[in-house]
Amino acid sequence: MTQVSERILILDGASLPGREQVGNKAASIAQMRALGLPVPPAFVLPIDECRRYHAAGGELDAEAWAAVRAGIEHLERETGRSFGDPASPLLVSVRSAAAISMPGMMDTVLNLGMTDALERGLAALSGDPGFARDTHARFCHEFGHIVLGADVDPGDDPAAVCAAVLKDTGQAVPGDPWEQLRAAIHAVFGSWSSRRAVAYRRHWGIPEDGGTAVVVQAMAFGNLGGRSGTGVVFTRNPLTGAPEVYGEWLAGGQGEDVVSGTHDPRPVAELAEQLPELHAELMEAAQLLESERGDMQDIEFTIEAGRLYLLQTRTAKRSPLAAVRIAADLVREGVTGPEAALRQVSPEQVQAVLAPTLAPDTLAGAEVLARGTPACPGVSSGRAAPDARAGSGSGEGGPVVLVRPTTSPEDVDAMVEAVAVVTERGGATSHAAVVTRALGRPSVVGVGDGVTGGWVGSEVTVDGSGGVVYAGRLPTRQTDADDVPGLAELLGWARERSPVTVGEGVDEVRDLDGLGLRLEPDHPVDAATLEAGVHGARAVRGTVLNSPEGARAAIVAGVKTVVPLPGQRPEVLLLRLAQAGLED
Amino acid sequence: MTDPELLAVHGLVIKKAGSATAVAELLGATSKEIATALDAAVQAGRVVGANGTFMVTPAGRDWLEQRYPDAFAGFRSDPAAGEAYAGFERINGKLLALMTDWQMMPAGSERVPNDHSDHDYDTEVIDRLGGLHERAERPLEQFAGLEPRLGRYWERLEVAYDRALAGEYDWVSSARIASYHTTWYELHEDLLRMLGREREEQP
């Protein structure tokens with residue numbers, strides 16, 4: 001390792017510092033560098049420095065500060081740029097890195113080192129004064145918000161944003177890059193004792209004597225020169241799970257441009273046409289990361305003047321369908337084993353892929369009443385009614401689809417009663433969308449003013465997955481395990497490993513709900529009571545068995561068979577039992 | 001606002017349907033005061049009640065709309081209320097987006113329901129909630145300075161946030177309890193009615 005000081009570690013991958021020493025993010029950067037992956041140069045002030053900082057009453061001693069300066073010099077050598085130099089500006093990100101992810105730790109500050117002079121320098125280098133000014137304004141807002149605690153609106157004029165920060169907090173965004181850096185490091189170490197972090201540790205019994213490390217990393221620019229840009233790739237398709245790289249690429253874009261949705265990124269396949277050798281390098285890196293980590297990755301990257309940088313990788317979020325297929329594919333490809341696959345898929349995901357959908361052959365003749373934003377997935381049919389009040393069109397006690405211009409808290413009871421909800425106004429964050437998701441009610445929002453006018457009293461079918469409302473009561477289709485790619489294999493491994501079978505046709509089934517052992521999220525039954533209730537039974541059924549605690553109790557008590565209740569999917573119970581069996 | 005009946009009906013319309021105790025909890029009043037006021041409102045036809053649960057009638061809603069301009073004249077004309085509301089609005093959009101993130105996780109360009117199996121994801125969202133919660137303190141203090149009963153919302157938000165932080169995830173957005181989202185939404189409704197503004201749905 002490049003040793004520039006005792007008090008910092010250069011994250012070049014020459015050694016692999018532990019998470020306990022430098023926190024997750026720093027350990028991950030070192031690990032990626034050790035794999036030979038192109039990550040922007042970085043150094044870390046280890047967690048020990050946080051303890052020293054607090055022991056000294058919230059001060060960085062002279063030696064630690066000298067080490068930070070040496071670290072920046074290292075980044076300057078690696079990048080060929082210079083901190084605070086408008087002719088060749090080095091900008092850095094500053095972030096916290098704790099060993100345990102915890103609320104209250106300081107958010108990342110990007111583009112640190114930005115000043116009025118640097119803005120002019122960056123404008124000249126990029127040939128894009130608008131970008132330079134925007135980066136500067138964003139930095140002022142971010143630094144003001146994260147480091148100084150300002151609550152001001154973002155803007156596009158750096159001077160105005162800085163003035164608002166000063167007015168709000170009484171503190172100015174420093175014009176000197178070194179002062180910015182010092183303040184940001186103070187803010188990271190200080191965040192260890194923020195109100196949120198202290199409250200979290202108290203709730204979870206986490207010791208107070210830990211700390212957080214500070215990672216300082218060079219920024220890469222996707223808008224300097226022609227062969228530049230930024231993007232995100234998933235190593236597999238996060239919707240279907242198909243083994244194909246999926247992602248977006250924005251030529252000439254920088255950082256948040258892709259995520260913020262203000263620009264129009266292109267499919268990452270276009271990178272293969274524009275910069276084939278860099279696309280190939282990216283694909284190779286993506287595959288290496290996936291096999292090293294044993295799971296699908298979500299990778300942010302930037303290309304700066306023909307050089308690829310990986311900014312971040314993490315385990316990718318995916319649809320339930322993709323989760324099942326990917327877990328099985330990774331075993332087939334030899335990346336993981338069956339037990340890893342069983343841990344990668346949650347019973348809720350299996351439940352979701354097996355949920356009823358609209359039968360496809362009925363769609364051809366179906367009358368579409370309206371289309372809107374899909375807000376909560378699932379399909380339900382009922383009689384349209386505008387209101388919860390008795391006699392308002394909800395019919396004779398049959399299922400009701402609540403149909404309203406918008407919803408407000410006064411409608412929650414009606415939403416609880418309804419089998420689905422449709423609103424005329426509002427989007428994915430409207431009240432109706434948020435509340436129906438909490439209740440698990442299929443919903444479609446924002447179908448348009450006046451659209452639902454004539455529906456009251458008639459039967460409608462709401463497809464909350466597709467965002468469509470149909471006339472009449474459409475048949476739904478039960479999904480078969482064989483229709484879901486990878487599910488049969490996954491269930492096979494679950495069957496081999498589950499100590500308890502799931503099935504019907506057993507005499508003398510003990511009914512746990514009848515014994516008062518119910519699944520109640522607000523008042524869970526404790527493990528000992530559960531085990532005592534299950535003890536001695538050869539076969540059991542109950543709502544509580546569709547929970548990790550219930551599955552564990554059945555295994556511990558030596559039950560032979562779990563019998564599904566009406567509505568419970570045996571596949572889901574089986575995965576729960578297999579997972580509980582892996583814990584032992 | 002000094003008229004106890006107006007206050008009770010105002011509290012009930014925010015709750016829509018509820019008991020005197022639930023309305024009292026919202027307003028920081030005693031159940032007895034509210035029960036008396038709601039009984040008077042029932043006599044006047046502004047509220048209907050059955051089995052201890054009350055609901056505002058259409059006539060009661062019209063009555064509220066007529067009374068609001070006078071009842072909240074001072075609040076509506078106070079620039080400090082407008083300034084505090086601007087602070088609230090800045091946080092409101094972010095809070096609603098956060099509630100979406102809590103319930104629906106991004107998966108590529110789409111979203112899938114959050115089944116809370118990803119601890120780091122949930123911790124990150126709760127952390128952002130903490131950031132917004134801290135930012136909300138100032139506008140809420142300003143509101144409480146102008147109208148002391150509004151201070152009750154901060155107490156309820158503190159309870160909901162603290163329980164969410166302790167891993168009781170229902171306290172983030174469950175519609176069945178006084179979760180963070182329930183309380184926030186009631187506060188928003190209260191402020192809109194006091195200020196005589198319309199709710200702007202997110203596009």
# chains A, B, ... in the order shown; residues from 1 in each chain; ligands from 1
>>> select_by_dssp(residues="range 196-389 of chain A", states="strand (DSSP E or B)", output="PyMOL selection string")
chain A and resi 212-218+229-234+246-251+266-267+297-304+307-315+357-358+368-371+373-376+379-385
>>> write_last_selection(atoms="C-alpha atoms", output="tab-separated table (two decimals), in the first residue's frame")
chain	number	residue	atom	x	y	z
A	212	THR	CA	-17.60	6.35	11.62
A	213	ALA	CA	-14.78	6.66	9.12
A	214	VAL	CA	-14.53	9.45	6.52
A	215	VAL	CA	-13.95	8.53	2.87
A	216	VAL	CA	-12.51	11.22	0.58
A	217	GLN	CA	-12.62	10.29	-3.10
A	218	ALA	CA	-11.77	12.06	-6.35
A	229	GLY	CA	-20.68	10.20	-20.03
A	230	THR	CA	-22.38	8.51	-17.14
A	231	GLY	CA	-24.79	5.65	-16.55
A	232	VAL	CA	-26.17	2.79	-14.50
A	233	VAL	CA	-26.11	-0.93	-15.34
A	234	PHE	CA	-27.86	-3.91	-13.81
A	246	TYR	CA	-29.86	-3.77	-18.54
A	247	GLY	CA	-29.18	-0.11	-18.00
A	248	GLU	CA	-29.00	3.47	-19.10
A	249	TRP	CA	-26.28	5.60	-20.59
A	250	LEU	CA	-26.14	9.39	-20.97
A	251	ALA	CA	-23.35	10.57	-23.28
A	266	ARG	CA	-30.42	5.95	-23.71
A	267	PRO	CA	-30.24	2.15	-23.36
A	297	GLN	CA	-25.39	-5.93	-8.98
A	298	ASP	CA	-26.54	-2.38	-9.71
A	299	ILE	CA	-23.46	-0.42	-10.82
A	300	GLU	CA	-23.06	3.34	-11.32
A	301	PHE	CA	-20.29	4.34	-13.71
A	302	THR	CA	-18.78	7.39	-15.35
A	303	ILE	CA	-16.54	7.61	-18.39
A	304	GLU	CA	-14.18	10.57	-18.21
A	307	ARG	CA	-11.49	6.28	-19.04
A	308	LEU	CA	-14.03	4.10	-17.23
A	309	TYR	CA	-14.68	4.61	-13.51
A	310	LEU	CA	-17.00	2.52	-11.36
A	311	LEU	CA	-18.56	4.80	-8.76
A	312	GLN	CA	-20.69	2.40	-6.77
A	313	THR	CA	-21.94	-1.15	-6.80
A	314	ARG	CA	-24.66	-2.67	-4.69
A	315	THR	CA	-26.96	-5.64	-4.65
A	357	THR	CA	-53.53	-12.02	-12.58
A	358	LEU	CA	-56.05	-11.21	-15.27
A	368	VAL	CA	-61.20	-0.45	-21.01
A	369	LEU	CA	-62.92	2.21	-18.92
A	370	ALA	CA	-59.80	4.15	-18.00
A	371	ARG	CA	-56.03	4.07	-17.76
A	373	THR	CA	-50.91	5.30	-12.89
A	374	PRO	CA	-50.55	1.81	-11.40
A	375	ALA	CA	-50.25	2.49	-7.67
A	376	CYS	CA	-50.57	-0.88	-5.95
A	379	VAL	CA	-56.37	-7.44	-9.52
A	380	SER	CA	-59.82	-7.08	-7.89
A	381	SER	CA	-63.40	-6.67	-9.07
A	382	GLY	CA	-66.39	-5.04	-7.40
A	383	ARG	CA	-69.19	-2.52	-7.65
A	384	ALA	CA	-68.00	1.06	-8.07
A	385	ALA	CA	-69.02	3.37	-5.21
>>> residues_around(residues="range 10-20 of chain B", least_positions_apart="5", cutoff="8 Å", atoms="only C-alpha atoms", output="PyMOL selection string")
(chain A and resi 409-411) or (chain B and resi 26-27+31-32+34-35+38+52-56+61+64+186+189-190)
>>> closest_atom_pairs(of="chain B", to="chain A", cutoff="8 Å", atoms="only C-alpha atoms", output="JSON lines")
{"residue": "B:Val13", "atom": "CA", "partner": "A:Glu410", "partner_atom": "CA", "distance": 7.5}
{"residue": "B:Ile14", "atom": "CA", "partner": "A:Glu410", "partner_atom": "CA", "distance": 6.8}
{"residue": "B:Lys15", "atom": "CA", "partner": "A:Glu410", "partner_atom": "CA", "distance": 5.7}
{"residue": "B:Lys16", "atom": "CA", "partner": "A:Glu410", "partner_atom": "CA", "distance": 4.2}
{"residue": "B:Ala17", "atom": "CA", "partner": "A:Glu410", "partner_atom": "CA", "distance": 6.5}
{"residue": "B:Arg90", "atom": "CA", "partner": "A:Asp153", "partner_atom": "CA", "distance": 7.7}
{"residue": "B:Leu96", "atom": "CA", "partner": "A:Thr429", "partner_atom": "CA", "distance": 5.6}
{"residue": "B:Ala97", "atom": "CA", "partner": "A:Thr429", "partner_atom": "CA", "distance": 5.8}
{"residue": "B:Met99", "atom": "CA", "partner": "A:Val434", "partner_atom": "CA", "distance": 6.6}
{"residue": "B:Thr100", "atom": "CA", "partner": "A:Thr429", "partner_atom": "CA", "distance": 5.7}
{"residue": "B:Gln103", "atom": "CA", "partner": "A:Arg437", "partner_atom": "CA", "distance": 6.3}
{"residue": "B:Met104", "atom": "CA", "partner": "A:Arg437", "partner_atom": "CA", "distance": 8.0}
{"residue": "B:Met105", "atom": "CA", "partner": "A:Lys317", "partner_atom": "CA", "distance": 7.3}
{"residue": "B:Pro106", "atom": "CA", "partner": "A:Lys317", "partner_atom": "CA", "distance": 6.5}
{"residue": "B:Ala107", "atom": "CA", "partner": "A:Arg318", "partner_atom": "CA", "distance": 4.6}
{"residue": "B:Gly108", "atom": "CA", "partner": "A:Pro238", "partner_atom": "CA", "distance": 5.7}
{"residue": "B:Glu110", "atom": "CA", "partner": "A:Leu239", "partner_atom": "CA", "distance": 7.8}
{"residue": "B:Arg111", "atom": "CA", "partner": "A:Ser319", "partner_atom": "CA", "distance": 7.7}
{"residue": "B:Val112", "atom": "CA", "partner": "A:Ser319", "partner_atom": "CA", "distance": 5.7}
{"residue": "B:Pro113", "atom": "CA", "partner": "A:Arg437", "partner_atom": "CA", "distance": 7.7}
{"residue": "B:Asp115", "atom": "CA", "partner": "A:Glu348", "partner_atom": "CA", "distance": 6.6}
{"residue": "B:Ser117", "atom": "CA", "partner": "A:Ser346", "partner_atom": "CA", "distance": 7.1}
{"residue": "B:Asp120", "atom": "CA", "partner": "A:Ser101", "partner_atom": "CA", "distance": 6.7}
{"residue": "B:Thr123", "atom": "CA", "partner": "A:Pro103", "partner_atom": "CA", "distance": 6.4}
{"residue": "B:Glu124", "atom": "CA", "partner": "A:Pro103", "partner_atom": "CA", "distance": 6.8}
{"residue": "B:Ile126", "atom": "CA", "partner": "A:Pro103", "partner_atom": "CA", "distance": 6.9}
{"residue": "B:Asp127", "atom": "CA", "partner": "A:Pro103", "partner_atom": "CA", "distance": 4.3}
{"residue": "B:Arg128", "atom": "CA", "partner": "A:Pro103", "partner_atom": "CA", "distance": 7.9}
{"residue": "B:Gly130", "atom": "CA", "partner": "A:Arg196", "partner_atom": "CA", "distance": 6.7}
{"residue": "B:Gly131", "atom": "CA", "partner": "A:Gly104", "partner_atom": "CA", "distance": 7.6}
{"residue": "B:Arg135", "atom": "CA", "partner": "A:Asp151", "partner_atom": "CA", "distance": 7.0}
{"residue": "B:Leu165", "atom": "CA", "partner": "A:Tyr200", "partner_atom": "CA", "distance": 6.3}
{"residue": "B:Ala166", "atom": "CA", "partner": "A:His203", "partner_atom": "CA", "distance": 5.4}
{"residue": "B:Ser173", "atom": "CA", "partner": "A:Ala438", "partner_atom": "CA", "distance": 6.8}
{"residue": "B:Ser174", "atom": "CA", "partner": "A:Ala438", "partner_atom": "CA", "distance": 5.8}
{"residue": "B:Ala175", "atom": "CA", "partner": "A:Val435", "partner_atom": "CA", "distance": 6.2}
{"residue": "B:Thr182", "atom": "CA", "partner": "A:Pro409", "partner_atom": "CA", "distance": 7.4}
{"residue": "B:Tyr185", "atom": "CA", "partner": "A:Pro409", "partner_atom": "CA", "distance": 7.1}
{"residue": "B:Glu186", "atom": "CA", "partner": "A:Pro409", "partner_atom": "CA", "distance": 7.0}
{"residue": "B:Glu201", "atom": "CA", "partner": "A:Gly426", "partner_atom": "CA", "distance": 5.2}
{"residue": "B:Gln202", "atom": "CA", "partner": "A:Gly426", "partner_atom": "CA", "distance": 5.9}
{"residue": "B:Pro203", "atom": "CA", "partner": "A:Gly427", "partner_atom": "CA", "distance": 5.3}
>>> atom_distance(atom1="CA of Leu7 in chain B", atom2="CA of Ala40 in chain B")
12.2 Å
>>> atom_distance(atom1="CA of Met296 in chain A", atom2="CA of Arg236 in chain A")
6.5 Å
>>> residues_around(residues="range 47-64 of chain A", least_positions_apart="4", cutoff="7 Å", atoms="only C-alpha atoms", output="list of chain:residue names")
A:Arg7, A:Gln21, A:Val22, A:Val68, A:Phe189, A:Gly211, A:Thr212, A:Ala213
>>> write_last_selection(atoms="N, CA and C atoms", output="JSON list (two decimals), in the first residue's frame")
[["chain", "number", "residue", "atom", "x", "y", "z"],
["A", 7, "ARG", "N", -1.94, 8.07, 9.85],
["A", 7, "ARG", "CA", -3.30, 8.38, 10.31],
["A", 7, "ARG", "C", -4.37, 8.21, 9.24],
["A", 21, "GLN", "N", -12.57, -1.48, 10.90],
["A", 21, "GLN", "CA", -11.52, -0.46, 10.95],
["A", 21, "GLN", "C", -11.88, 0.78, 10.11],
["A", 22, "VAL", "N", -12.46, 0.56, 8.93],
["A", 22, "VAL", "CA", -12.66, 1.69, 8.01],
["A", 22, "VAL", "C", -14.11, 1.85, 7.54],
["A", 68, "VAL", "N", -4.57, 14.33, 6.26],
["A", 68, "VAL", "CA", -5.58, 14.62, 5.25],
["A", 68, "VAL", "C", -4.93, 15.33, 4.05],
["A", 189, "PHE", "N", -17.67, 13.28, 11.45],
["A", 189, "PHE", "CA", -17.38, 12.77, 12.80],
["A", 189, "PHE", "C", -18.47, 13.22, 13.79],
["A", 211, "GLY", "N", -17.88, 4.33, 16.01],
["A", 211, "GLY", "CA", -17.58, 5.57, 15.29],
["A", 211, "GLY", "C", -17.76, 5.37, 13.81],
["A", 212, "THR", "N", -17.49, 6.43, 13.07],
["A", 212, "THR", "CA", -17.60, 6.35, 11.62],
["A", 212, "THR", "C", -16.29, 6.82, 11.00],
["A", 213, "ALA", "N", -15.95, 6.22, 9.87],
["A", 213, "ALA", "CA", -14.78, 6.66, 9.12],
["A", 213, "ALA", "C", -15.21, 7.74, 8.13]]
>>> atom_distance(atom1="CA of Gly294 in chain A", atom2="CA of Ala242 in chain A")
16.2 Å
>>> residues_around(residues="Glu571 in chain A", least_positions_apart="4", cutoff="12 Å", atoms="only C-alpha atoms", output="VMD selection string")
chain A and resid 346 to 355 479 to 482 487 to 495 498 501 to 503 546 562 to 564 567 575 to 578
>>> residues_around(residues="Ala84 in chain B", least_positions_apart="5", cutoff="12 Å", atoms="only C-alpha atoms", output="PDB file with C-alpha atoms, in the first residue's frame")
ATOM      1  CA  PHE B  75     -53.932  33.271  11.215  1.00  0.00           C
ATOM      2  CA  ARG B  76     -54.642  33.824   7.521  1.00  0.00           C
ATOM      3  CA  ASP B  78     -50.271  36.708   9.549  1.00  0.00           C
ATOM      4  CA  PRO B  79     -47.177  36.673   7.292  1.00  0.00           C
ATOM      5  CA  GLU B  89     -44.513  22.683   1.858  1.00  0.00           C
ATOM      6  CA  ARG B  90     -40.785  22.352   1.129  1.00  0.00           C
ATOM      7  CA  ILE B  91     -40.710  19.255   3.287  1.00  0.00           C
ATOM      8  CA  ARG B 135     -36.230  19.869   9.287  1.00  0.00           C
ATOM      9  CA  ALA B 136     -39.924  19.866  10.208  1.00  0.00           C
ATOM     10  CA  GLU B 137     -39.215  20.986  13.753  1.00  0.00           C
ATOM     11  CA  ARG B 138     -38.786  24.628  12.838  1.00  0.00           C
ATOM     12  CA  PRO B 139     -42.007  25.210  10.865  1.00  0.00           C
ATOM     13  CA  LEU B 140     -43.903  23.231  13.472  1.00  0.00           C
ATOM     14  CA  GLU B 141     -42.469  25.399  16.243  1.00  0.00           C
ATOM     15  CA  GLN B 142     -43.536  28.453  14.269  1.00  0.00           C
ATOM     16  CA  PHE B 143     -47.075  27.098  13.917  1.00  0.00           C
ATOM     17  CA  ALA B 144     -47.265  26.231  17.611  1.00  0.00           C
ATOM     18  CA  GLY B 145     -46.193  29.785  18.424  1.00  0.00           C
ATOM     19  CA  LEU B 146     -49.116  31.114  16.389  1.00  0.00           C
ATOM     20  CA  GLU B 147     -51.683  28.507  17.424  1.00  0.00           C
ATOM     21  CA  LEU B 191     -53.257  23.777   7.848  1.00  0.00           C
ATOM     22  CA  LEU B 195     -55.280  28.909   5.636  1.00  0.00           C
TER      23      LEU B 195
END
